Structure formats: C-alpha cells, structure tokens
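work38.cif follows; it contains mmCIF, C-alpha atoms.
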```cif
data_final
loop_
_atom_site.group_PDB
_atom_site.id
_atom_site.type_symbol
_atom_site.label_atom_id
_atom_site.label_comp_id
_atom_site.auth_asym_id
_atom_site.auth_seq_id
_atom_site.Cartn_x
_atom_site.Cartn_y
_atom_site.Cartn_z
ATOM 1 C CA MET A 16 -35.166 -9.125 4.053
ATOM 2 C CA ARG A 17 -34.828 -6.273 6.562
ATOM 3 C CA ARG A 18 -34.893 -5.952 10.321
ATOM 4 C CA ARG A 19 -35.412 -2.497 11.819
ATOM 5 C CA ASN A 20 -34.692 -0.938 8.431
ATOM 6 C CA ARG A 21 -31.374 -2.758 8.143
ATOM 7 C CA ALA A 22 -30.539 -5.082 5.284
ATOM 8 C CA ILE A 23 -29.611 -8.588 6.457
ATOM 9 C CA ILE A 24 -26.302 -9.676 4.913
ATOM 10 C CA SER A 25 -23.631 -12.317 5.493
ATOM 11 C CA ALA A 26 -20.415 -11.552 7.360
ATOM 12 C CA VAL A 27 -18.427 -12.103 4.140
ATOM 13 C CA ARG A 28 -20.553 -9.568 2.273
ATOM 14 C CA LEU A 29 -20.172 -7.071 5.123
ATOM 15 C CA ASP A 30 -16.386 -7.515 5.076
ATOM 16 C CA ARG A 31 -16.335 -6.848 1.338
ATOM 17 C CA TYR A 32 -18.581 -3.805 1.730
ATOM 18 C CA LEU A 33 -16.435 -2.284 4.496
ATOM 19 C CA THR A 34 -13.249 -2.931 2.528
ATOM 20 C CA ALA A 35 -14.659 -1.393 -0.652
ATOM 21 C CA ARG A 36 -15.962 1.702 1.139
ATOM 22 C CA LEU A 37 -12.649 2.267 2.890
ATOM 23 C CA ARG A 38 -10.748 1.884 -0.378
ATOM 24 C CA GLN A 39 -13.141 4.347 -2.056
ATOM 25 C CA SER A 40 -12.161 6.919 0.565
ATOM 26 C CA GLY A 41 -8.698 6.912 -0.991
ATOM 27 C CA VAL A 42 -6.863 5.705 2.105
ATOM 28 C CA SER A 43 -5.169 2.638 0.634
ATOM 29 C CA GLU A 44 -5.788 -0.025 -1.958
ATOM 30 C CA THR A 45 -4.086 -2.668 0.194
ATOM 31 C CA VAL A 46 -6.370 -2.464 3.218
ATOM 32 C CA LYS A 47 -8.819 -5.269 4.032
ATOM 33 C CA VAL A 48 -11.475 -4.992 6.724
ATOM 34 C CA TRP A 49 -13.108 -7.718 8.800
ATOM 35 C CA ALA A 50 -16.348 -6.977 10.599
ATOM 36 C CA GLY A 51 -16.725 -7.040 14.320
ATOM 37 C CA TYR A 52 -18.230 -9.982 16.078
ATOM 38 C CA ARG A 53 -21.930 -10.747 16.048
ATOM 39 C CA LEU A 54 -23.748 -9.639 19.191
ATOM 40 C CA ARG A 55 -25.965 -12.130 21.040
ATOM 41 C CA VAL A 56 -28.656 -9.461 21.354
ATOM 42 C CA PRO A 57 -28.892 -6.349 19.162
ATOM 43 C CA ASP A 58 -27.683 -3.160 20.834
ATOM 44 C CA ALA A 59 -29.917 -0.199 21.719
ATOM 45 C CA SER A 60 -29.867 1.005 18.110
ATOM 46 C CA GLY A 61 -30.877 -2.425 16.776
ATOM 47 C CA CYS A 62 -27.522 -3.393 15.273
ATOM 48 C CA ASN A 63 -26.457 -6.996 15.832
ATOM 49 C CA TRP A 64 -22.721 -6.725 15.153
ATOM 50 C CA SER A 65 -19.901 -5.024 16.961
ATOM 51 C CA GLY A 66 -18.408 -1.832 15.620
ATOM 52 C CA HIS A 67 -14.965 -3.113 16.556
ATOM 53 C CA VAL A 68 -13.496 -4.101 13.202
ATOM 54 C CA VAL A 69 -10.064 -5.282 12.158
ATOM 55 C CA ALA A 70 -8.242 -3.555 9.320
ATOM 56 C CA THR A 71 -5.189 -5.292 7.929
ATOM 57 C CA HIS A 72 -2.730 -3.718 5.567
ATOM 58 C CA GLY A 73 0.721 -4.245 4.167
ATOM 59 C CA PRO A 74 3.851 -2.371 5.233
ATOM 60 C CA ARG A 75 3.509 0.133 2.389
ATOM 61 C CA ALA A 76 -0.033 1.188 3.314
ATOM 62 C CA THR A 77 -1.080 4.504 4.801
ATOM 63 C CA ALA A 78 -0.381 4.968 8.516
ATOM 64 C CA GLY A 79 -2.683 2.997 10.821
ATOM 65 C CA GLU A 80 -4.023 6.138 12.520
ATOM 66 C CA ILE A 81 -5.168 7.531 9.175
ATOM 67 C CA ILE A 82 -6.821 4.236 8.268
ATOM 68 C CA GLU A 83 -8.620 4.109 11.617
ATOM 69 C CA ALA A 84 -9.856 7.698 11.257
ATOM 70 C CA ALA A 85 -11.204 6.994 7.759
ATOM 71 C CA LEU A 86 -12.751 3.711 8.899
ATOM 72 C CA ARG A 87 -14.818 5.139 11.784
ATOM 73 C CA PRO A 88 -17.509 6.839 9.648
ATOM 74 C CA VAL A 89 -17.607 3.845 7.272
ATOM 75 C CA VAL A 90 -18.336 1.492 10.173
ATOM 76 C CA GLU A 91 -20.905 3.829 11.727
ATOM 77 C CA ALA A 92 -22.782 4.088 8.435
ATOM 78 C CA ALA A 93 -22.627 0.310 7.891
ATOM 79 C CA ARG A 94 -23.918 -0.397 11.421
ATOM 80 C CA ALA A 95 -26.925 1.823 10.669
ATOM 81 C CA ARG A 96 -27.514 0.067 7.341
ATOM 82 C CA PHE A 97 -26.789 -3.648 7.901
ATOM 83 C CA ASN A 98 -27.384 -6.522 10.313
ATOM 84 C CA LEU A 99 -25.634 -9.865 10.043
ATOM 85 C CA SER A 100 -27.577 -12.907 8.950
ATOM 86 C CA GLU A 101 -27.843 -15.893 11.251
#
```
As structure tokens, please, write out the structure in this file.
Amino acid sequence: MRRRNRAIISAVRLDRYLTARLRQSGVSETVKVWAGYRLRVPDASGCNWSGHVVATHGPRATAGEIIEAALRPVVEAARARFNLSE
C-alpha cells in the first residue's frame, strides 16, 4: 500500500530500517535509531513523520557529530520513501 509514492510501514519497521542503513554506512555497529514522531498532517512533501530522530549509542561508539552527519542523508532518503501506518 502506498501513499504519494511512499510505502506505508510501521514505526518499528522504520526504526529497524534507519538503524540498518546507518550501520551500513560504517559509522558504528552499536547505534540504534528511533524515528521521529508522526505528524498530524503530512508536510508539504507528503511525509507524515518528523525528520527529528533519536540515535542512541554506547560509550565506545563513534562521536555523536559523526553519527549525526551520517544519519542526515539516511533520514532524508527514508522520509522520501516511507510514511508511517496509522
């Protein structure tokens, strides 16, 4: 099921997707990502979830600034590809 060319997925699946993509970038294997909150109304681009995500990592992970820099394009691509299910 798609809306505005976006696949509709659960928040749990989106979290797993974001985490996997960030780990594939080689930043850190210990990072986990949680998706931003669901928007009441889709934004101008049609996305229904916030791009503000939370990345958690252990003390031995890559520096937070590096994680955030690697995460930005992952989130942008995911916002263009997915909407959250109800």
Using the chain letters and numbers from this file, what does the PyMOL selection byres ((chain A and resi 47) around 8) select? Give the answer as a compact mmCIF listing (two decimals) with C-alpha atoms, in the coordinates of the input.
```txt
# COMPACT_ATOMS: atom_id res chain seq x y z
CA ASP A 30 -16.39 -7.52 5.08
CA THR A 34 -13.25 -2.93 2.53
CA THR A 45 -4.09 -2.67 0.19
CA VAL A 46 -6.37 -2.46 3.22
CA VAL A 48 -11.48 -4.99 6.72
CA TRP A 49 -13.11 -7.72 8.80
CA ALA A 70 -8.24 -3.56 9.32
CA THR A 71 -5.19 -5.29 7.93
CA HIS A 72 -2.73 -3.72 5.57
```
Would you write out, as an NGL selection string, every residue that the PyMOL selection byres ((chain A and resi 63) around 8) captures in this file?
:A and (53-58 or 61-62 or 64-65 or 98-99)
Selection near Ser43 (chain A), 9 Å with all atoms listed in the file, sequence-local residues under 2 positions removed, as a list in words
Leu37, Arg38, Gln39, Ser40, Gly41, Thr45, Val46, His72, Ala76, Thr77 and Ile82 of chain A
What would the selection look like, as a VMD selection string, if the PyMOL selection byres ((chain A and resi 93) around 12) were run on the coordinates I just shared?
chain A and resid 21 to 24 28 to 37 50 to 51 62 to 66 68 86 to 92 94 to 99
So how many Å separate CA of Glu83 (chain A) and CA of Ser100 (chain A), to one decimal?
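Going from CA of Glu83 (chain A) over to CA of Ser100 (chain A) covers 25.6 Å.
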Around all the atoms of region 83-92 of chain A listed in the file, draw an axis-aligned box and extend it by 3 Å on each of the six sides; I want its centre and edge lengths in Å to one decimal, as lines of an AutoDock Vina configuration file.
```
center_x = -15.7
center_y = 4.6
center_z = 9.5
size_x = 20.2
size_y = 12.2
size_z = 10.5
```
